[in-house]
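Input: a single structure, listed below in structure tokens.
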Amino acid sequence: MSTYDRSMALTGQPPTALSRNQKLATLIGLFGLAIVLLSAFNVNFPNKGLWLSVSLSAIATGIIWFAWDAYSKKEPGIKNDGVWFKSISSKGFWGWVAGIALTSFYIILYFYPEYLGLVAKGSNKGVIGLFDPLSRALSGNPASQWFVYGTLYTVAILAFGIKFMWKYRHNRYERIRTISVMFFQTGFAFIIPELMARLNGSSVLNGGSLPYYDLKNMWPLNYYNFEGYRIKGFLSSGDIGFGLLIFGVLTIFVISPILTYKYGKRWYCSWVCGCGGLAETAGDSFRQLSDKTVKAWKVERWVVHSVVVFVTLMTTAVVYSYLGTDTSKYWLTKSTFLLGVAFLLTLVFGLVMLFKRKQLQKDAQYGAIGYLVIILALIGIHFFSGDGNVFLFKSETLRKSYSFLIGSIFSGVIGTGFYPIFGNRVWCRFGCPMAAILGFQQRLFSKFRITTNGGQCISCGNCSTYCEMGIDVRAYAQKGENIVRSSCVGCGICSAVCPRGVLKLENGPLQGRIDSNQVLLGNDVDLMSLVNKK
Amino acid sequence: MENIVIIGNGIAGVSAARHIRKLSDKRIIIVSAETDYFFSRTALMYVYMGHMKFDHIQPYENWFWEKNRIELVRAYVNKVDTNNKQLLLDGSRALNYDKLIIATGSKPNKFGWPGQDLHGVQGLYSKQDLDLLEVNAPNKDVCKRAVIVGGGLIGIELAEMLRSRAIPVTFLVRESSFWNGVLPEGESQLINEHIKEHHIDLRLSTNLKEIVADENGKVKSIIIEETGEELACDMVGLTAGVTPNIDFLKDSEIELGRGVKVNRFLETNVKDIYAIGDCAEQHEAIGNRRPIEAVWYTGRMMGETVAQTICGNKLEYKPGHWFNSAKFLDVEYQTYGWVFGERGQKEYEEQFHWRHATEKICITVSFHKESNAFLGINTFGIRMRHEIFDRWLTEERDVDYVISHLADANFDPEFYKNYEKEITHKFNTDFNKSLSTKKKSLKRIFQFN
């Protein structure tokens, strides 16, 4: 064992203690957090609006001041010194403390909002009560646990976003990308839906009321988008509501495939998405913790695609449950819908098998065939048995289990709560069905790739270590092969941390997008053509 | 089944092993005294800096070797008995080979400075050197000042490492400007400035006279040759280049120079023994290259080549166009083709230099005075596309073509500022030309229709 493994210090030796500025910043940030915490214990602050503002500004100021002190006085460049010596960023003591605290927060948020002060009838207490004034100012309604969460989430993305931009201030791709996620979180996820809620009941919506709709959040990430109550909401709200419903369908079937074809799935996952936004900003300090083994990759492929199958079945069952049977009332009936789903899935499957089979790994082929057979069999059983339970279970059971297992446990408790243990993209990598669908498109029909620069790779491993999606980037780069992986979210950090300028995210021609070389550029031309001939 | 033994598990030995496995079913044994598994030597610095753990700099997972039937032996080779085709390991065991590949790399140079073997004095090359550095310079309390002797790539890396732990560093460089034996003046100057920006006490034209010991035989201070100044320090890094690590071959039949002498097929004078990587020395230099090339890429290329020869496709080592890269603190450096520093500059070589007004960004393009042919480029703070320069060198483009098509070669991340216009403008002014800057063309870059 080498000497530096022997230290029993909770924090690695270097870098040393916090600077005075960083101590003060920590104090201010924790003060802001303490206000929230005190209110959770039902300390009743007199002027809630004021205390909330103080609290949120203190949190943001603490983060930004800390980051300013850490980065602004240094030369622009890669700032990963001591990452593996600090206990918070190397699964040490503080990493576990943070992980457990975050996880507990998510459990309370999802399952016991009453502890946060949610009162079903009457005025909120506790933390949620503290956020009431802001909620009333935006939407006119009292706050909910989701409003509290949304506000904190936005503050985190904004404050840590500024931190991230300082850290990577030499890198224009990272700066622009971060401004984009900050914008989409604040505007699309936070402010617009709250303001939209103000329209409810107004004449613009024909007196109807729209469901809460984060416009950039598309099915299947937004797995509830086509549930009955939302459809009713959309349809009750005149042209705007109908337009939004159409938009919801277009985003997944038309808009996202086009954008993914042109730019790869990064246009969504690391430029627009809220989950991605939090991961890239607040989660940036944990990106090195993702598992890079081939084994983890195998698990990832099975789990994430199973979630896609699950969400497809669930949504189909839910839509099925509220459709009618009479074609004269509405053209889309239960059976037309089921046949449509079966047709669409078979079509996608058939086209991929026909044109792209060679690009799929063996287990991916088996998996695809297996899952298609299961879905078609379930649809078939339904037709032959005529049972009311589509897919063996009640649609409500499917919906509830999905919402609990995937929507709450996976995306929240594990996905974000475990940032300091499993890395910042656990949800995006193992659980997000949206990422899987976009990734499938990215792998097979997209101009995006990470180009490897000839023979310049020195196998150092910075790219793999700092890949939040757990892609072993180096394994490709050292073969001179471009990186075309369905999970790549295009955050650009591999390219940033590369000390030799080997990696470049770019959109180019489909031809020759993936080319593995046995002998790398720089060697004997005859040998290269002898060995690399395809 | 033929028994291939490779001494050394660095990039050269491992590349050879991997390619032999791809081509054949031969038994492959890699012997190393340094580590159990292959790691990226160039990444050792990042372990000390806390960017990565040692595990991260191992390019293959541990199951890789067994799966590919590459046997790993952890042992020190004391002797090569060429008559009996046998190695002596750890002074006791014997290991037979049918074919032997020597890929033992380098060791740090020591030029006989008084005190060079004291405690606290070390080079930076091996995993053991890294472990030693953790003892000599774990933090700024134990190591109140470090002195680095020798201004090359390892020296500046060691300085960066120590600075990451806030250890004060004095950097003694023999030359009048950093690495100017290799870099043209303007670039060397830029790096001088950047070193100082990182609060490194850079002493140019300064030689080490001696290293002074305290009562425990540990380094206490160093004395500078030119001024006689004595500098208190707790650690001295000797980074004045490397030399082939071949002492164990001294008594063998294998012909040695500074390195293991090899012909263009990487064969030594003894049948069935080959040498590759840092420790191999060509009888005659290939083109502008040096007879010994201690570079990651050439180690890999020799491994790729020797595997062919060993597997029956006898092949000359014919490296393509020269390229290399490095990082000086925050400034990335790439080079394609040949650009020489002042001392090495050829009489036919003309150089064009452009430097950004404020940022640490510059390029130097070298071309032939008479024929105008493009010879090479150095870039600092701008990434370039290897494939494009390789192609332009093969096509023997002239410098005008290269300057006006620079946008095609740019490899910086998306949205970065481009400087092609400024560069072209400066070129036009310097050489009284009127070139225009061509827009980047994906068609030209990727050569599709």
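Ligands are numbered from 1 in the order shown, chains are lettered A, B, ... in the order of the structure tokens, and residues start at 1 in each chain.
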
| said: I need the residues of stretch 199-368 of chain B that end up classed as alpha helix (DSSP H) by DSSP on the backbone, written out as a list in words. | reply: Trp296, Tyr297, Thr298, Gly299, Arg300, Met301, Met302, Gly303, Glu304, Thr305, Val306, Ala307, Gln308, Thr309 and Ile310 of chain B

Output N, CA and C atoms for every residue in the selection just made, as a compact mmCIF listing (two decimals), in the first residue's frame.
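So the final result, stored in part37.txt, reads:
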```txt
# COMPACT_ATOMS: atom_id res chain seq x y z
N TRP B 296 5.55 8.97 -25.41
CA TRP B 296 4.44 8.03 -25.30
C TRP B 296 4.07 7.44 -26.65
N TYR B 297 3.88 8.34 -27.63
CA TYR B 297 3.34 7.91 -28.93
C TYR B 297 4.29 6.98 -29.67
N THR B 298 5.60 7.26 -29.58
CA THR B 298 6.53 6.41 -30.32
C THR B 298 6.60 5.04 -29.64
N GLY B 299 6.47 5.01 -28.31
CA GLY B 299 6.42 3.72 -27.62
C GLY B 299 5.27 2.88 -28.14
N ARG B 300 4.12 3.52 -28.27
CA ARG B 300 2.96 2.80 -28.76
C ARG B 300 3.16 2.33 -30.20
N MET B 301 3.71 3.22 -31.03
CA MET B 301 3.87 2.88 -32.44
C MET B 301 4.86 1.74 -32.64
N MET B 302 5.94 1.75 -31.83
CA MET B 302 6.89 0.64 -31.94
C MET B 302 6.25 -0.67 -31.49
N GLY B 303 5.40 -0.61 -30.46
CA GLY B 303 4.68 -1.80 -30.01
C GLY B 303 3.79 -2.35 -31.11
N GLU B 304 3.07 -1.44 -31.79
CA GLU B 304 2.19 -1.87 -32.89
C GLU B 304 3.01 -2.54 -34.00
N THR B 305 4.20 -1.97 -34.24
CA THR B 305 5.01 -2.48 -35.35
C THR B 305 5.67 -3.82 -35.02
N VAL B 306 6.29 -3.91 -33.82
CA VAL B 306 7.04 -5.12 -33.50
C VAL B 306 6.10 -6.33 -33.42
N ALA B 307 4.84 -6.08 -33.06
CA ALA B 307 3.88 -7.18 -32.99
C ALA B 307 3.71 -7.83 -34.36
N GLN B 308 3.72 -7.00 -35.41
CA GLN B 308 3.61 -7.53 -36.77
C GLN B 308 4.79 -8.44 -37.08
N THR B 309 5.99 -7.93 -36.78
CA THR B 309 7.20 -8.70 -37.08
C THR B 309 7.17 -10.04 -36.34
N ILE B 310 6.83 -9.99 -35.06
CA ILE B 310 6.83 -11.21 -34.26
C ILE B 310 5.79 -12.20 -34.75
```

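The list of residues with at least one atom within 9 Å of stretch 167-173 of chain A, based on only C-alpha atoms and without residues fewer than 4 positions apart in the same chain, reads Ala67, Ala70, Tyr71, Ser72, Pro76, Gly77, Ile78, Lys79, Ile162, Lys163, Arg177, Thr178, Cys491, Gly492 and Ala496 of chain A; Pro413, Glu414, Phe415, Tyr416 and Lys417 of chain B.
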
Writing out the chosen residues with N, CA and C atoms as a tab-separated table (two decimals), in the first residue's frame:
```tsv
chain	number	residue	atom	x	y	z
A	67	ALA	N	-17.71	30.25	-4.08
A	67	ALA	CA	-17.16	29.93	-5.40
A	67	ALA	C	-16.25	31.05	-5.89
A	70	ALA	N	-13.02	30.68	-4.29
A	70	ALA	CA	-12.29	29.49	-4.71
A	70	ALA	C	-11.70	29.63	-6.11
A	71	TYR	N	-12.39	30.32	-7.00
A	71	TYR	CA	-11.98	30.29	-8.41
A	71	TYR	C	-11.49	31.61	-8.97
A	72	SER	N	-12.06	32.71	-8.52
A	72	SER	CA	-11.83	33.94	-9.28
A	72	SER	C	-10.39	34.41	-9.20
A	76	PRO	N	-7.43	30.96	-15.19
A	76	PRO	CA	-8.46	30.11	-15.79
A	76	PRO	C	-7.85	28.77	-16.19
A	77	GLY	N	-8.58	27.69	-15.99
A	77	GLY	CA	-8.06	26.37	-16.36
A	77	GLY	C	-8.82	25.31	-15.58
A	78	ILE	N	-8.35	24.08	-15.66
A	78	ILE	CA	-9.05	22.99	-14.99
A	78	ILE	C	-8.81	23.07	-13.49
A	79	LYS	N	-9.89	22.98	-12.73
A	79	LYS	CA	-9.82	23.19	-11.28
A	79	LYS	C	-10.20	21.92	-10.52
A	162	ILE	N	-23.70	29.70	-11.37
A	162	ILE	CA	-22.70	30.76	-11.37
A	162	ILE	C	-21.35	30.19	-10.93
A	163	LYS	N	-21.38	29.31	-9.93
A	163	LYS	CA	-20.16	28.64	-9.49
A	163	LYS	C	-19.52	27.87	-10.66
A	177	ARG	N	-23.68	26.84	-22.25
A	177	ARG	CA	-24.57	25.75	-21.88
A	177	ARG	C	-25.19	26.00	-20.50
A	178	THR	N	-24.40	26.52	-19.60
A	178	THR	CA	-24.91	26.75	-18.25
A	178	THR	C	-25.93	27.89	-18.23
A	491	CYS	N	-22.13	16.93	-22.15
A	491	CYS	CA	-21.81	18.00	-21.21
A	491	CYS	C	-20.50	18.67	-21.58
A	492	GLY	N	-19.64	17.95	-22.31
A	492	GLY	CA	-18.40	18.57	-22.80
A	492	GLY	C	-17.25	18.56	-21.81
A	496	ALA	N	-13.10	19.16	-21.99
A	496	ALA	CA	-12.49	20.23	-21.21
A	496	ALA	C	-11.30	19.74	-20.39
B	413	PRO	N	-13.12	23.38	-28.70
B	413	PRO	CA	-14.53	23.09	-28.48
B	413	PRO	C	-15.43	24.12	-29.18
B	414	GLU	N	-16.68	23.72	-29.40
B	414	GLU	CA	-17.63	24.60	-30.07
B	414	GLU	C	-17.76	25.92	-29.31
B	415	PHE	N	-18.07	26.97	-30.02
B	415	PHE	CA	-18.29	28.33	-29.48
B	415	PHE	C	-17.02	29.04	-29.04
B	416	TYR	N	-15.87	28.39	-29.16
B	416	TYR	CA	-14.64	29.09	-28.81
B	416	TYR	C	-14.40	30.19	-29.84
B	417	LYS	N	-13.69	31.22	-29.39
B	417	LYS	CA	-13.31	32.29	-30.32
B	417	LYS	C	-12.31	31.74	-31.33
```

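Counting from atom CA of B:Gly50, the distance to atom CA of B:Ile222 is 28.8 Å.
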
| task | Tell me the residues of chain A close to chain B, meaning within 8 Å using only C-alpha atoms, as a PyMOL selection string. | result | chain A and resi 2-4+13-15+75-78+80-85+171-173+293+453-456+458-462+465+474-475+495+499-501+504-506+508-509+511+519-525+527

| field | 12 Å contact set for A:Gln359, only C-alpha atoms, chain neighbours under 2 positions out, as an MDAnalysis selection string | value | chainID A and resid 352:357 361:365 440 443:445 484:486 513:514

Keeping C-alpha atoms for every residue in the selection just given, could you write it to a file as a compact mmCIF listing (two decimals), in the first residue's frame?
```txt
# COMPACT_ATOMS: atom_id res chain seq x y z
CA VAL A 352 -34.11 -0.63 -36.76
CA MET A 353 -33.66 -4.34 -37.31
CA LEU A 354 -33.70 -3.82 -41.06
CA PHE A 355 -31.22 -0.93 -41.29
CA LYS A 356 -29.26 -0.71 -38.06
CA ARG A 357 -29.01 -4.25 -36.79
CA GLN A 361 -24.91 -5.38 -29.46
CA LYS A 362 -26.07 -8.97 -29.10
CA ASP A 363 -27.80 -8.39 -25.77
CA ALA A 364 -29.50 -5.29 -27.16
CA GLN A 365 -30.94 -7.37 -30.00
CA PHE A 440 -31.42 5.44 -28.91
CA ARG A 443 -26.76 6.23 -31.23
CA LEU A 444 -28.50 5.30 -34.48
CA PHE A 445 -29.70 8.46 -36.20
CA VAL A 484 -20.88 7.53 -30.10
CA ARG A 485 -22.72 6.32 -27.04
CA SER A 486 -26.42 6.51 -26.41
CA ARG A 513 -19.04 8.58 -37.66
CA ILE A 514 -17.81 5.50 -35.84
```

With only C-alpha atoms counted and 12 Å as the cut-off, give the residues of stretch 405-471 of chain A in contact with stretch 102-109 of chain A, each with its shortest interatomic distance in Å and the pair that gives it, as JSON lines.
```
{"residue": "A:Gly407", "atom": "CA", "partner": "A:Tyr106", "partner_atom": "CA", "distance": 11.8}
{"residue": "A:Ser408", "atom": "CA", "partner": "A:Tyr106", "partner_atom": "CA", "distance": 8.4}
{"residue": "A:Ile409", "atom": "CA", "partner": "A:Ile107", "partner_atom": "CA", "distance": 8.2}
{"residue": "A:Phe410", "atom": "CA", "partner": "A:Tyr106", "partner_atom": "CA", "distance": 10.7}
{"residue": "A:Ser411", "atom": "CA", "partner": "A:Tyr106", "partner_atom": "CA", "distance": 10.0}
{"residue": "A:Gly412", "atom": "CA", "partner": "A:Tyr106", "partner_atom": "CA", "distance": 6.2}
{"residue": "A:Val413", "atom": "CA", "partner": "A:Tyr106", "partner_atom": "CA", "distance": 5.3}
{"residue": "A:Ile414", "atom": "CA", "partner": "A:Thr103", "partner_atom": "CA", "distance": 7.1}
{"residue": "A:Gly415", "atom": "CA", "partner": "A:Thr103", "partner_atom": "CA", "distance": 9.3}
{"residue": "A:Thr416", "atom": "CA", "partner": "A:Leu102", "partner_atom": "CA", "distance": 7.5}
{"residue": "A:Gly417", "atom": "CA", "partner": "A:Thr103", "partner_atom": "CA", "distance": 4.1}
{"residue": "A:Phe418", "atom": "CA", "partner": "A:Thr103", "partner_atom": "CA", "distance": 6.7}
{"residue": "A:Tyr419", "atom": "CA", "partner": "A:Leu102", "partner_atom": "CA", "distance": 8.6}
{"residue": "A:Pro420", "atom": "CA", "partner": "A:Leu102", "partner_atom": "CA", "distance": 9.3}
{"residue": "A:Ile421", "atom": "CA", "partner": "A:Thr103", "partner_atom": "CA", "distance": 11.0}
```

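Pairwise distance (atom CA of B:Lys346, atom CA of B:Phe374) equals 13.8 Å.
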
| said: Could you tell me how far atom CA of A:Lys479 sits from atom CA of B:Asp408, in Å to one decimal place? | reply: 23.1 Å

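The shell of residues at most 9 Å from A:Tyr223, with only C-alpha atoms counted and near chain neighbours (fewer than 4 positions) removed, consists of Met218, Trp219, Glu227, Val311, Met314, Thr315, Tyr402, Ser403 and Gly407 of chain A.
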
Could those selected residues go to a file with C-alpha atoms, as a compact mmCIF listing (two decimals), in the first residue's frame?
```txt
# COMPACT_ATOMS: atom_id res chain seq x y z
CA MET A 218 -41.90 16.05 -22.41
CA TRP A 219 -43.32 12.54 -22.17
CA GLU A 227 -53.34 11.03 -17.87
CA VAL A 311 -43.54 3.72 -18.99
CA MET A 314 -48.21 2.25 -18.17
CA THR A 315 -49.08 5.17 -20.42
CA TYR A 402 -44.66 3.70 -11.83
CA SER A 403 -45.21 6.96 -10.04
CA GLY A 407 -41.23 8.95 -10.38
```

| Within 12 Å of stretch 124-126 of chain B using only C-alpha atoms, minus same-chain residues under 4 positions, as an NGL selection string | :B and (8-10 or 32-35 or 38-45 or 48 or 104-110 or 130-134 or 148-150 or 152-159 or 161 or 236-245 or 294)

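Close contacts of A:Ala197, defined as residues with an atom at most 12 Å away when counting only C-alpha atoms, with chain neighbours fewer than 3 positions off set aside, comprise Ser135, Arg136, Ala137, Leu138, Ser139, Gly140, Asn141, Pro142, Phe190, Ile191, Ile192, Pro193, Glu194, Asn200, Gly201, Ser202, Leu205, Gly208, Ser209, Leu210, Pro211, Tyr212, Tyr213, Asp214, Gly233 and Ser237 of chain A.
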
Could you save the residues just selected, with N, CA and C atoms, as a CSV table (one decimal), in the first residue's frame?
```csv
chain,number,residue,atom,x,y,z
A,135,SER,N,-45.3,32.2,-3.4
A,135,SER,CA,-46.3,31.5,-4.2
A,135,SER,C,-47.5,32.3,-4.6
A,136,ARG,N,-48.0,33.0,-3.6
A,136,ARG,CA,-49.1,33.9,-3.8
A,136,ARG,C,-48.8,35.0,-4.8
A,137,ALA,N,-47.6,35.5,-4.7
A,137,ALA,CA,-47.1,36.6,-5.6
A,137,ALA,C,-47.1,36.1,-7.1
A,138,LEU,N,-46.7,34.8,-7.3
A,138,LEU,CA,-46.6,34.3,-8.6
A,138,LEU,C,-47.9,33.8,-9.2
A,139,SER,N,-48.5,32.8,-8.5
A,139,SER,CA,-49.6,32.2,-9.1
A,139,SER,C,-50.9,32.6,-8.4
A,140,GLY,N,-50.8,33.3,-7.3
A,140,GLY,CA,-52.0,33.6,-6.5
A,140,GLY,C,-52.5,32.5,-5.6
A,141,ASN,N,-51.9,31.4,-5.6
A,141,ASN,CA,-52.3,30.3,-4.7
A,141,ASN,C,-51.3,30.1,-3.6
A,142,PRO,N,-51.7,29.4,-2.5
A,142,PRO,CA,-50.8,29.1,-1.5
A,142,PRO,C,-49.7,28.1,-2.0
A,190,PHE,N,-40.0,27.2,-13.7
A,190,PHE,CA,-40.4,27.8,-12.5
A,190,PHE,C,-41.5,28.9,-12.7
A,191,ILE,N,-41.1,29.9,-13.5
A,191,ILE,CA,-42.0,31.1,-13.6
A,191,ILE,C,-43.2,30.9,-14.5
A,192,ILE,N,-43.0,30.4,-15.7
A,192,ILE,CA,-44.1,30.3,-16.7
A,192,ILE,C,-45.2,29.5,-16.2
A,193,PRO,N,-45.0,28.2,-15.6
A,193,PRO,CA,-46.1,27.5,-15.2
A,193,PRO,C,-46.9,28.2,-14.0
A,194,GLU,N,-46.2,28.9,-13.2
A,194,GLU,CA,-46.8,29.6,-12.1
A,194,GLU,C,-47.7,30.7,-12.7
A,200,ASN,N,-56.0,30.3,-15.1
A,200,ASN,CA,-57.1,29.3,-14.9
A,200,ASN,C,-58.4,30.0,-14.6
A,201,GLY,N,-59.4,29.6,-15.3
A,201,GLY,CA,-60.7,30.1,-15.1
A,201,GLY,C,-61.0,31.4,-15.9
A,202,SER,N,-60.0,31.9,-16.5
A,202,SER,CA,-60.2,33.2,-17.3
A,202,SER,C,-60.8,32.9,-18.6
A,205,LEU,N,-59.0,31.0,-21.5
A,205,LEU,CA,-59.0,29.5,-21.5
A,205,LEU,C,-60.4,29.0,-21.6
A,208,GLY,N,-61.7,27.3,-18.6
A,208,GLY,CA,-61.2,26.0,-18.1
A,208,GLY,C,-59.9,26.2,-17.3
A,209,SER,N,-59.3,25.1,-16.8
A,209,SER,CA,-58.1,25.3,-16.1
A,209,SER,C,-57.0,24.3,-16.6
A,210,LEU,N,-55.8,24.8,-16.9
A,210,LEU,CA,-54.8,24.0,-17.4
A,210,LEU,C,-54.1,23.3,-16.3
A,211,PRO,N,-53.6,22.1,-16.6
A,211,PRO,CA,-52.8,21.4,-15.6
A,211,PRO,C,-51.4,22.1,-15.6
A,212,TYR,N,-50.7,21.9,-14.5
A,212,TYR,CA,-49.4,22.5,-14.3
A,212,TYR,C,-48.5,21.9,-15.4
A,213,TYR,N,-47.9,22.8,-16.2
A,213,TYR,CA,-47.2,22.3,-17.4
A,213,TYR,C,-45.9,23.0,-17.6
A,214,ASP,N,-44.8,22.2,-17.3
A,214,ASP,CA,-43.5,22.7,-17.7
A,214,ASP,C,-43.2,22.3,-19.1
A,233,GLY,N,-58.2,18.7,-18.5
A,233,GLY,CA,-57.7,20.1,-18.3
A,233,GLY,C,-57.4,20.8,-19.6
A,237,SER,N,-59.6,23.9,-21.9
A,237,SER,CA,-59.1,25.2,-21.9
A,237,SER,C,-58.9,25.8,-23.3
```

| Where in stretch 64-196 of chain B does DSSP assign strand (DSSP E), given as a ChimeraX atom specification? | /B:70-74,77-81,86-89,93-96,99-102,106-108,121-122,146-149,169-172
